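One structure is given here, and the rest of the page talks about it.
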Amino acid sequence: MIRVGLIGFGLGGRVFHAPLISSVEGMELAAVLERTTGKAAARYPGIVTHRSLDAMLADASLDLFVVSTPNGTHFDLARQILQAGRNVVVDKPVAATSPEIAALIRLAANKNVFLIPFHNRRWDSDFQTIKKVLHEDLLGRLVCFESRIDRWRPLMPTDRIWKDDPTSGGGLLLDLGTHIADQALLLFGKPEAVSADLYRERDGAKANDSFTVRLRYPGLTIVLGANCLSLPASPRFHLRGTSGNYWKSGVDPQEAALNQVTRIDDPAWGREPAANWGVLHVGIDGGTVTRPVEPIPGDYRLYYAGVRDALLGKAAPPVAAIDAWRICRLLEWAAESAGQRKEIVCDWSQEPE
């Protein structure tokens with residue numbers, strides 16, 4: 001049994017990590033770090049509540065630590081955990097800058113422990129289905145891949161105000177941008193160049209709350225974007241190829257469902273309603289054939305099953321630490337592009353080892 005200590009019980013800890021850890025065979029949510037409250041123990045009777053990281057690190061029975069705190073705290077917490085020779089999962093982004101992530105990668109290697117980014121959207125239903133569409137070559141030669149997470153959130157949040165603080169790792173680019181850039185690089189590898197536009201669109205916004213990032217590959221354009229002033233939201237995905245197009249609206253249902261449970265018991269977990277299925281449009285003999293594509297169910301539990309297997313020596317980690325560095329470096333180039341109003345050629349020669 002892998003005993004897990006969860007650091008933070010805000011939205012990330014309560015909605016994502018705690019239910020997922022509790023739903024994976026061979027893992028136990030054993031302890032939670034909450035500085036002043038006891039909300040975790042109320043939801044998960046029997047766990048230990050710690051008031052400091054030092055107290056949690058003193059518990060030798062814990063095999064894995066999970067950092068789910070505001071972005072600006074990730075680096076220091078992960079550094080302390082790795083320095084103590086303990087395995088750690090870190091919520092996205094692993095740190096606010098690529099040099100910080102590189103430092104954590106080197107520290108994990110020196111201590112011979114795992115640093116595993118929490119890039120859970122690799123197990124979204126829509127992303128898993130798109131991998132199938134591309135693998136089956138249903139669109140011909142792909143020329144453009146567009147991925148967006150647009151929402152209607154016109155009011156600035158009154159809680160989690162760090163999300164709008166650029167000095168604390170706030171901003172939509174590091175938030176949702178980490179997820180959709182990770183998906184793009186997983187599908188297509190490292191781009192040749194990046195260009196981007198960053199905006200503060202909502203009244204009172206201090207950090208970017210809207211972005212468009214364009215990744216250049218030979219013969220292929222990737223467009224990534226998100227904003228908070230779309231009503232209704234744009235399609236989640238639009239893929240254009242020489243044989244047809246694929247459109248997908250709606251978002252993966254797991255986050256909304258996780259907000260209602262302490263563990264996953266539903267055998268139909270991760271299945272999207274038929275109204276949200278993606279649609280394939282293929283040109284044939286001068287006409288168009290249109291059909292819905294039945295999605296592959298999403299399942300974030302597979303991430304923690306992969307973490308479990310890595311700790312047991314049965315498999316590589318489900319997300320490599322270098323992937324977090326690559327995404328962060330890419331988003332830094334995107335911010336540089338937006339500031340200079342020009343395309344930035346990607347230099348991948350400085351990757352940490």
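We name chains A, B, ... following the order of the structure tokens; residues begin at 1 in each chain, and ligands are numbered from 1 as shown.
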message = Can you pull out every residue from stretch 97-227 of chain A that DSSP, working from the backbone, puts in alpha helix (DSSP H), and format the result as number ranges by chain?
response = A: 98-111, 125-135, 172-188
Would you mind listing what lies within 10 Å of A:Ser249 as an mmCIF file with N, CA and C atoms, in the first residue's frame, with only C-alpha atoms counted and same-chain residues fewer than 6 positions away left out?
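What landed in out-v1.cif:
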```cif
data_model
loop_
_atom_site.group_PDB
_atom_site.id
_atom_site.type_symbol
_atom_site.label_atom_id
_atom_site.label_comp_id
_atom_site.auth_asym_id
_atom_site.auth_seq_id
_atom_site.Cartn_x
_atom_site.Cartn_y
_atom_site.Cartn_z
ATOM 1 N N ASP A 126 -12.040 13.665 -24.468
ATOM 2 C CA ASP A 126 -11.905 14.233 -25.806
ATOM 3 C C ASP A 126 -10.492 14.070 -26.356
ATOM 4 N N ARG A 148 -8.928 24.828 -27.801
ATOM 5 C CA ARG A 148 -9.295 25.997 -27.008
ATOM 6 C C ARG A 148 -10.086 25.572 -25.772
ATOM 7 N N ILE A 149 -9.908 26.329 -24.698
ATOM 8 C CA ILE A 149 -10.772 26.209 -23.530
ATOM 9 C C ILE A 149 -11.298 27.616 -23.235
ATOM 10 N N ALA A 233 -19.203 29.168 -25.475
ATOM 11 C CA ALA A 233 -17.799 28.837 -25.683
ATOM 12 C C ALA A 233 -17.565 28.374 -27.118
ATOM 13 N N SER A 234 -16.346 28.611 -27.587
ATOM 14 C CA SER A 234 -15.943 28.088 -28.890
ATOM 15 C C SER A 234 -15.812 26.566 -28.788
ATOM 16 N N PRO A 235 -15.773 25.864 -29.945
ATOM 17 C CA PRO A 235 -15.516 24.418 -29.889
ATOM 18 C C PRO A 235 -14.217 24.121 -29.159
ATOM 19 N N ARG A 236 -14.212 23.037 -28.439
ATOM 20 C CA ARG A 236 -13.009 22.633 -27.698
ATOM 21 C C ARG A 236 -11.888 22.264 -28.666
ATOM 22 N N PHE A 237 -12.202 21.553 -29.715
ATOM 23 C CA PHE A 237 -11.209 21.161 -30.708
ATOM 24 C C PHE A 237 -11.771 21.354 -32.116
ATOM 25 N N HIS A 238 -10.907 21.726 -33.046
ATOM 26 C CA HIS A 238 -11.227 21.726 -34.471
ATOM 27 C C HIS A 238 -9.984 21.257 -35.213
ATOM 28 N N ALA A 275 -24.794 14.262 -26.629
ATOM 29 C CA ALA A 275 -24.895 15.627 -27.162
ATOM 30 C C ALA A 275 -23.527 16.288 -27.300
ATOM 31 N N ASN A 276 -22.527 15.789 -26.582
ATOM 32 C CA ASN A 276 -21.187 16.379 -26.629
ATOM 33 C C ASN A 276 -20.202 15.590 -27.483
ATOM 34 N N TRP A 277 -20.674 14.534 -28.147
ATOM 35 C CA TRP A 277 -19.757 13.750 -28.969
ATOM 36 C C TRP A 277 -19.203 14.611 -30.100
ATOM 37 N N GLY A 278 -17.948 14.370 -30.451
ATOM 38 C CA GLY A 278 -17.355 15.046 -31.581
ATOM 39 C C GLY A 278 -17.974 14.563 -32.887
ATOM 40 N N VAL A 279 -17.871 15.394 -33.915
ATOM 41 C CA VAL A 279 -18.469 15.093 -35.207
ATOM 42 C C VAL A 279 -17.396 15.121 -36.284
#
```
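Ranking A:Gln340, A:Thr262, A:Asn245, A:Thr221 by their shortest atom-to-atom distance to A:Pro45, with only C-alpha atoms included, puts A:Thr262 first.
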Pick from A:His281, A:Arg86, A:Arg341, A:Arg43, whichever lies nearest to A:Leu57 using only C-alpha atoms = A:Arg86
message = So the first atom is atom CA of A:Arg301 and the second is atom CA of A:His17; what is the distance between them in Å, to one decimal place?
response = 9.6 Å
request  = Please provide as a VMD selection string all residues within 9 Å of A:Cys328, with the sequence filter that same-chain residues fewer than 3 positions apart are discarded (counting only C-alpha atoms).
outcome  = chain A and resid 93 to 98 101 174 178 323 to 325 331 to 333
Could those residues be written to a file, using N, CA and C atoms, as a compact mmCIF listing (two decimals), in the first residue's frame?
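The result, written out as result_23.txt:
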```txt
# COMPACT_ATOMS: atom_id res chain seq x y z
N PRO A 93 1.32 24.46 -12.82
CA PRO A 93 2.66 24.17 -13.34
C PRO A 93 3.59 23.73 -12.20
N VAL A 94 4.54 22.89 -12.52
CA VAL A 94 5.44 22.39 -11.48
C VAL A 94 6.16 23.55 -10.80
N ALA A 95 6.49 24.58 -11.56
CA ALA A 95 7.06 25.81 -11.01
C ALA A 95 6.75 26.93 -12.00
N ALA A 96 7.01 28.15 -11.59
CA ALA A 96 6.63 29.29 -12.41
C ALA A 96 7.61 29.58 -13.53
N THR A 97 8.84 29.04 -13.44
CA THR A 97 9.85 29.30 -14.46
C THR A 97 10.56 28.00 -14.84
N SER A 98 11.10 27.97 -16.05
CA SER A 98 11.81 26.78 -16.50
C SER A 98 13.11 26.55 -15.73
N ILE A 101 12.15 24.62 -12.65
CA ILE A 101 11.83 23.21 -12.94
C ILE A 101 13.11 22.43 -13.21
N LEU A 174 -0.25 30.16 -17.82
CA LEU A 174 0.35 29.10 -17.02
C LEU A 174 -0.68 28.11 -16.50
N THR A 178 -0.84 25.38 -19.70
CA THR A 178 -0.01 24.21 -19.41
C THR A 178 -0.68 22.94 -19.90
N ASP A 323 8.89 16.83 -19.35
CA ASP A 323 7.73 17.38 -20.06
C ASP A 323 7.28 18.69 -19.43
N ALA A 324 7.35 18.78 -18.11
CA ALA A 324 6.98 20.02 -17.43
C ALA A 324 7.93 21.15 -17.82
N TRP A 325 9.22 20.84 -17.93
CA TRP A 325 10.19 21.86 -18.34
C TRP A 325 9.89 22.32 -19.76
N LEU A 331 5.90 28.10 -23.01
CA LEU A 331 5.04 29.21 -22.60
C LEU A 331 5.85 30.47 -22.31
N GLU A 332 7.10 30.32 -21.88
CA GLU A 332 7.97 31.48 -21.74
C GLU A 332 8.26 32.11 -23.10
N TRP A 333 8.51 31.27 -24.11
CA TRP A 333 8.70 31.79 -25.46
C TRP A 333 7.43 32.48 -25.96
```
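The space separating atom CA of A:Leu330 from atom CA of A:Val345 comes to 10.3 Å.
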ask   = atom CA of A:Leu20 and atom CA of A:Leu62 are how many Å apart?
value = 17.1 Å
key: A:Ala41 environment, 9 Å, only C-alpha atoms, sequence neighbours closer than 6 positions dropped, as a ChimeraX atom specification   = /A:31-32,47-49
Grab the residues selected above and save them as a tab-separated table (two decimals), in the first residue's frame with N, CA and C atoms.
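Saved result, result.tsv, follows:
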```tsv
chain	number	residue	atom	x	y	z
A	31	ALA	N	-2.61	11.24	4.86
A	31	ALA	CA	-2.41	12.48	5.61
A	31	ALA	C	-2.63	13.68	4.71
A	32	VAL	N	-3.04	14.78	5.30
A	32	VAL	CA	-3.24	16.03	4.57
A	32	VAL	C	-2.63	17.16	5.38
A	47	ILE	N	-7.84	9.98	8.41
A	47	ILE	CA	-6.57	10.52	7.96
A	47	ILE	C	-5.96	11.40	9.04
A	48	VAL	N	-4.67	11.64	8.92
A	48	VAL	CA	-3.95	12.50	9.85
A	48	VAL	C	-3.86	13.90	9.25
A	49	THR	N	-4.14	14.91	10.06
A	49	THR	CA	-4.00	16.29	9.63
A	49	THR	C	-2.72	16.87	10.21
```
message = Among stretch 127-234 of chain A, which residues does DSSP mark as strand (DSSP E) when it is run on the backbone? Keep the chain and numbering as in the structure and answer as an MDAnalysis selection string.
response = chainID A and resid 142:150 193:199 210:217 220:227
Give me a file of those residues, with N, CA and C atoms, as a tab-separated table (two decimals), in the first residue's frame.
```
chain	number	residue	atom	x	y	z
A	142	LEU	N	-3.13	16.05	-41.80
A	142	LEU	CA	-3.59	17.13	-40.93
A	142	LEU	C	-2.84	18.41	-41.27
A	143	VAL	N	-3.56	19.52	-41.43
A	143	VAL	CA	-2.93	20.81	-41.73
A	143	VAL	C	-3.08	21.82	-40.60
A	144	CYS	N	-4.13	21.65	-39.78
A	144	CYS	CA	-4.33	22.60	-38.68
A	144	CYS	C	-5.03	21.90	-37.52
A	145	PHE	N	-4.52	22.15	-36.32
A	145	PHE	CA	-5.07	21.58	-35.09
A	145	PHE	C	-5.34	22.74	-34.15
A	146	GLU	N	-6.60	22.94	-33.80
A	146	GLU	CA	-6.96	24.03	-32.91
A	146	GLU	C	-7.56	23.47	-31.62
A	147	SER	N	-7.03	23.93	-30.50
A	147	SER	CA	-7.46	23.47	-29.18
A	147	SER	C	-7.70	24.69	-28.31
A	148	ARG	N	-8.93	24.83	-27.80
A	148	ARG	CA	-9.29	26.00	-27.01
A	148	ARG	C	-10.09	25.57	-25.77
A	149	ILE	N	-9.91	26.33	-24.70
A	149	ILE	CA	-10.77	26.21	-23.53
A	149	ILE	C	-11.30	27.62	-23.23
A	150	ASP	N	-12.41	27.94	-23.85
A	150	ASP	CA	-13.03	29.26	-23.68
A	150	ASP	C	-14.22	29.15	-22.74
A	193	ALA	N	8.84	26.79	-33.94
A	193	ALA	CA	8.73	28.20	-33.54
A	193	ALA	C	7.38	28.44	-32.90
A	194	VAL	N	7.29	29.56	-32.17
A	194	VAL	CA	6.05	29.90	-31.46
A	194	VAL	C	5.79	31.39	-31.61
A	195	SER	N	4.52	31.75	-31.76
A	195	SER	CA	4.11	33.14	-31.68
A	195	SER	C	2.84	33.19	-30.84
A	196	ALA	N	2.58	34.35	-30.24
A	196	ALA	CA	1.46	34.40	-29.29
A	196	ALA	C	0.96	35.81	-29.09
A	197	ASP	N	-0.27	35.88	-28.61
A	197	ASP	CA	-0.89	37.12	-28.15
A	197	ASP	C	-1.44	36.87	-26.75
A	198	LEU	N	-1.13	37.76	-25.82
A	198	LEU	CA	-1.63	37.69	-24.45
A	198	LEU	C	-2.40	38.96	-24.15
A	199	TYR	N	-3.54	38.81	-23.44
A	199	TYR	CA	-4.38	39.97	-23.16
A	199	TYR	C	-4.88	39.92	-21.72
A	210	SER	N	-6.53	35.91	-21.26
A	210	SER	CA	-6.86	35.51	-22.62
A	210	SER	C	-5.55	35.32	-23.38
A	211	PHE	N	-5.46	34.25	-24.15
A	211	PHE	CA	-4.25	34.04	-24.94
A	211	PHE	C	-4.56	33.24	-26.20
A	212	THR	N	-3.74	33.46	-27.21
A	212	THR	CA	-3.69	32.63	-28.40
A	212	THR	C	-2.22	32.33	-28.68
A	213	VAL	N	-1.88	31.06	-28.78
A	213	VAL	CA	-0.52	30.63	-29.03
A	213	VAL	C	-0.51	29.82	-30.31
A	214	ARG	N	0.40	30.14	-31.21
A	214	ARG	CA	0.52	29.43	-32.48
A	214	ARG	C	1.87	28.69	-32.52
A	215	LEU	N	1.82	27.39	-32.75
A	215	LEU	CA	3.02	26.57	-32.83
A	215	LEU	C	3.24	26.18	-34.29
A	216	ARG	N	4.46	26.38	-34.76
A	216	ARG	CA	4.77	26.08	-36.16
A	216	ARG	C	5.54	24.77	-36.27
A	217	TYR	N	5.01	23.87	-37.10
A	217	TYR	CA	5.65	22.62	-37.47
A	217	TYR	C	5.73	22.57	-38.99
A	220	LEU	N	2.29	22.04	-40.77
A	220	LEU	CA	1.22	21.93	-39.78
A	220	LEU	C	1.22	23.15	-38.86
A	221	THR	N	0.04	23.68	-38.60
A	221	THR	CA	-0.12	24.79	-37.66
A	221	THR	C	-0.96	24.34	-36.48
A	222	ILE	N	-0.50	24.64	-35.27
A	222	ILE	CA	-1.24	24.35	-34.05
A	222	ILE	C	-1.65	25.69	-33.44
A	223	VAL	N	-2.92	25.83	-33.10
A	223	VAL	CA	-3.42	27.04	-32.47
A	223	VAL	C	-4.02	26.66	-31.12
A	224	LEU	N	-3.49	27.24	-30.06
A	224	LEU	CA	-3.95	26.97	-28.71
A	224	LEU	C	-4.50	28.27	-28.13
A	225	GLY	N	-5.61	28.18	-27.39
A	225	GLY	CA	-6.16	29.41	-26.85
A	225	GLY	C	-7.10	29.18	-25.69
A	226	ALA	N	-7.35	30.26	-24.96
A	226	ALA	CA	-8.31	30.25	-23.86
A	226	ALA	C	-8.67	31.68	-23.53
A	227	ASN	N	-9.88	31.89	-23.03
A	227	ASN	CA	-10.27	33.20	-22.53
A	227	ASN	C	-11.43	33.02	-21.57
```
Given only C-alpha atoms, how would the per-residue table for stretch 299-344 of chain A near stretch 24-30 of chain A read, listing every residue at most 12 Å away with its closest atom pair and distance in Å to one decimal, sorted by chain and number, as CSV?
```
residue,atom,partner,partner_atom,distance
A:Asp299,CA,A:Val24,CA,11.2
A:Tyr300,CA,A:Val24,CA,10.0
A:Arg301,CA,A:Val24,CA,6.4
A:Leu302,CA,A:Val24,CA,8.3
A:Tyr303,CA,A:Val24,CA,9.6
A:Tyr304,CA,A:Val24,CA,6.9
A:Ala305,CA,A:Val24,CA,6.3
A:Gly306,CA,A:Val24,CA,10.0
A:Val307,CA,A:Met27,CA,9.7
A:Arg308,CA,A:Met27,CA,7.1
A:Asp309,CA,A:Gly26,CA,9.4
A:Leu311,CA,A:Met27,CA,10.8
A:Leu312,CA,A:Gly26,CA,10.2
```
Could you list, as a tab-separated table (two decimals) with C-alpha atoms, in the first residue's frame, every residue within 7 Å of stretch 102-117 of chain A, counting only C-alpha atoms and ignoring same-chain residues fewer than 2 positions away?
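In the end it all went to around35.tsv:
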```tsv
chain	number	residue	atom	x	y	z
A	79	ARG	CA	12.37	21.46	-3.34
A	82	LEU	CA	12.97	16.30	-2.80
A	85	GLY	CA	14.69	12.31	-0.34
A	86	ARG	CA	10.95	11.80	-0.84
A	87	ASN	CA	8.85	11.22	-3.97
A	88	VAL	CA	6.58	14.04	-5.08
A	89	VAL	CA	3.69	14.75	-7.45
A	90	VAL	CA	3.34	18.46	-8.22
A	91	ASP	CA	0.24	20.14	-9.60
A	92	LYS	CA	0.66	22.12	-12.82
A	94	VAL	CA	5.44	22.39	-11.48
A	98	SER	CA	11.81	26.78	-16.50
A	99	PRO	CA	15.06	27.31	-14.51
A	100	GLU	CA	13.17	26.38	-11.32
A	119	HIS	CA	-0.77	16.64	-16.21
A	317	PRO	CA	6.19	7.60	-14.49
A	319	VAL	CA	4.33	12.01	-17.00
A	320	ALA	CA	8.06	12.68	-17.31
A	321	ALA	CA	9.50	15.61	-15.38
A	324	ALA	CA	6.98	20.02	-17.43
A	325	TRP	CA	10.19	21.86	-18.34
A	352	PRO	CA	18.11	19.73	-18.47
```
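Counting only C-alpha atoms, the residue from A:Ala18, A:Ala257, A:Ala274, A:Ile327 that sits nearest to A:Lys190 is A:Ile327.
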query = Excluding same-chain residues fewer than 5 positions from A:Ala205, what lies within 12 Å of it counting only C-alpha atoms, as a ChimeraX atom specification?
reply = /A:153-157,161-166,170-172,199-200,210,228
Go ahead and dump the residues you just picked, N, CA and C atoms, as a compact mmCIF listing (two decimals), in the first residue's frame.
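Writing done, so here's again_21.txt:
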```
# COMPACT_ATOMS: atom_id res chain seq x y z
N ARG A 153 -16.58 33.73 -17.70
CA ARG A 153 -16.28 34.08 -16.31
C ARG A 153 -15.92 35.56 -16.27
N PRO A 154 -16.92 36.43 -16.47
CA PRO A 154 -16.62 37.86 -16.62
C PRO A 154 -16.17 38.54 -15.33
N LEU A 155 -16.50 37.99 -14.18
CA LEU A 155 -16.16 38.62 -12.91
C LEU A 155 -14.83 38.08 -12.38
N MET A 156 -14.04 38.95 -11.85
CA MET A 156 -12.78 38.52 -11.24
C MET A 156 -13.08 37.73 -9.96
N PRO A 157 -12.33 36.65 -9.70
CA PRO A 157 -12.60 35.84 -8.51
C PRO A 157 -12.31 36.59 -7.23
N ILE A 161 -7.20 34.61 -5.08
CA ILE A 161 -6.80 35.82 -5.79
C ILE A 161 -5.38 35.71 -6.35
N TRP A 162 -4.61 34.72 -5.89
CA TRP A 162 -3.28 34.50 -6.45
C TRP A 162 -3.35 34.17 -7.93
N LYS A 163 -4.50 33.64 -8.40
CA LYS A 163 -4.62 33.30 -9.82
C LYS A 163 -4.53 34.52 -10.72
N ASP A 164 -4.76 35.72 -10.15
CA ASP A 164 -4.66 36.94 -10.94
C ASP A 164 -3.42 37.75 -10.54
N ASP A 165 -2.47 37.10 -9.92
CA ASP A 165 -1.25 37.77 -9.49
C ASP A 165 -0.07 37.25 -10.32
N PRO A 166 0.42 38.02 -11.28
CA PRO A 166 1.51 37.52 -12.13
C PRO A 166 2.79 37.25 -11.37
N GLY A 170 0.35 33.46 -11.41
CA GLY A 170 -1.02 33.56 -11.90
C GLY A 170 -1.07 33.85 -13.38
N GLY A 171 -2.28 33.83 -13.91
CA GLY A 171 -2.49 34.06 -15.33
C GLY A 171 -2.96 32.81 -16.03
N LEU A 172 -3.79 33.00 -17.05
CA LEU A 172 -4.39 31.87 -17.75
C LEU A 172 -3.37 31.08 -18.57
N TYR A 199 -3.54 38.81 -23.44
CA TYR A 199 -4.38 39.97 -23.16
C TYR A 199 -4.88 39.92 -21.72
N ARG A 200 -5.22 41.09 -21.20
CA ARG A 200 -6.00 41.22 -19.96
C ARG A 200 -7.33 41.83 -20.40
N SER A 210 -6.53 35.91 -21.26
CA SER A 210 -6.86 35.51 -22.62
C SER A 210 -5.55 35.32 -23.38
N CYS A 228 -11.83 34.11 -20.93
CA CYS A 228 -12.89 34.08 -19.92
C CYS A 228 -14.13 34.84 -20.35
```
Mind running stretch 65-87 of chain A against stretch 4-13 of chain A at 12 Å and telling me each contacting residue's nearest atom pair with the distance in Å (one decimal), counting only C-alpha atoms, chain and number ascending, as JSON lines?
```
{"residue": "A:Phe65", "atom": "CA", "partner": "A:Gly5", "partner_atom": "CA", "distance": 4.8}
{"residue": "A:Val66", "atom": "CA", "partner": "A:Leu6", "partner_atom": "CA", "distance": 4.8}
{"residue": "A:Val67", "atom": "CA", "partner": "A:Ile7", "partner_atom": "CA", "distance": 5.0}
{"residue": "A:Ser68", "atom": "CA", "partner": "A:Gly8", "partner_atom": "CA", "distance": 5.2}
{"residue": "A:Thr69", "atom": "CA", "partner": "A:Gly8", "partner_atom": "CA", "distance": 5.3}
{"residue": "A:Pro70", "atom": "CA", "partner": "A:Gly8", "partner_atom": "CA", "distance": 8.8}
{"residue": "A:Asn71", "atom": "CA", "partner": "A:Gly12", "partner_atom": "CA", "distance": 11.1}
{"residue": "A:Thr73", "atom": "CA", "partner": "A:Gly8", "partner_atom": "CA", "distance": 10.8}
{"residue": "A:His74", "atom": "CA", "partner": "A:Ile7", "partner_atom": "CA", "distance": 10.3}
{"residue": "A:Leu77", "atom": "CA", "partner": "A:Ile7", "partner_atom": "CA", "distance": 9.0}
{"residue": "A:Ala78", "atom": "CA", "partner": "A:Ile7", "partner_atom": "CA", "distance": 10.4}
{"residue": "A:Ile81", "atom": "CA", "partner": "A:Ile7", "partner_atom": "CA", "distance": 10.8}
{"residue": "A:Arg86", "atom": "CA", "partner": "A:Gly5", "partner_atom": "CA", "distance": 10.9}
{"residue": "A:Asn87", "atom": "CA", "partner": "A:Val4", "partner_atom": "CA", "distance": 9.9}
```
Could you give me, as a compact mmCIF listing (two decimals) with N, CA and C atoms, in the first residue's frame, the residues within 10 Å of A:Thr36, counting only C-alpha atoms and dropping anything in the same chain fewer than 2 positions from it?
```
# COMPACT_ATOMS: atom_id res chain seq x y z
N LEU A 33 -1.98 18.08 4.69
CA LEU A 33 -1.45 19.27 5.34
C LEU A 33 -2.45 20.40 5.15
N GLU A 34 -3.07 20.81 6.24
CA GLU A 34 -3.93 22.00 6.28
C GLU A 34 -3.43 22.87 7.42
N GLY A 38 -9.69 21.72 9.25
CA GLY A 38 -9.72 20.27 9.26
C GLY A 38 -10.73 19.71 8.28
N LYS A 39 -10.85 20.37 7.12
CA LYS A 39 -11.85 19.98 6.14
C LYS A 39 -11.58 18.60 5.56
N THR A 49 -4.14 14.91 10.06
CA THR A 49 -4.00 16.29 9.63
C THR A 49 -2.72 16.87 10.21
N HIS A 50 -1.84 17.36 9.32
CA HIS A 50 -0.61 18.01 9.76
C HIS A 50 -0.75 19.52 9.58
N ARG A 51 -0.02 20.28 10.41
CA ARG A 51 -0.06 21.73 10.35
C ARG A 51 1.19 22.33 9.71
N SER A 52 2.19 21.50 9.42
CA SER A 52 3.42 22.01 8.80
C SER A 52 4.02 20.93 7.92
```
inquiry  = Considering only C-alpha atoms, can you say which of A:Thr129, A:Gln260, A:Gln83, A:Gln350 comes closest to A:Pro295?
reply    = A:Thr129
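For the choices A:Glu255, A:Asp175, A:Asp182, A:Asp203, the atom-to-atom distance to A:Val15 is smallest for A:Glu255 when using only C-alpha atoms.
Each of A:Trp152, A:Tyr246, A:Tyr44, A:Phe188 was checked against A:Arg202 using only C-alpha atoms; the smallest atom-to-atom distance is that of A:Trp152.
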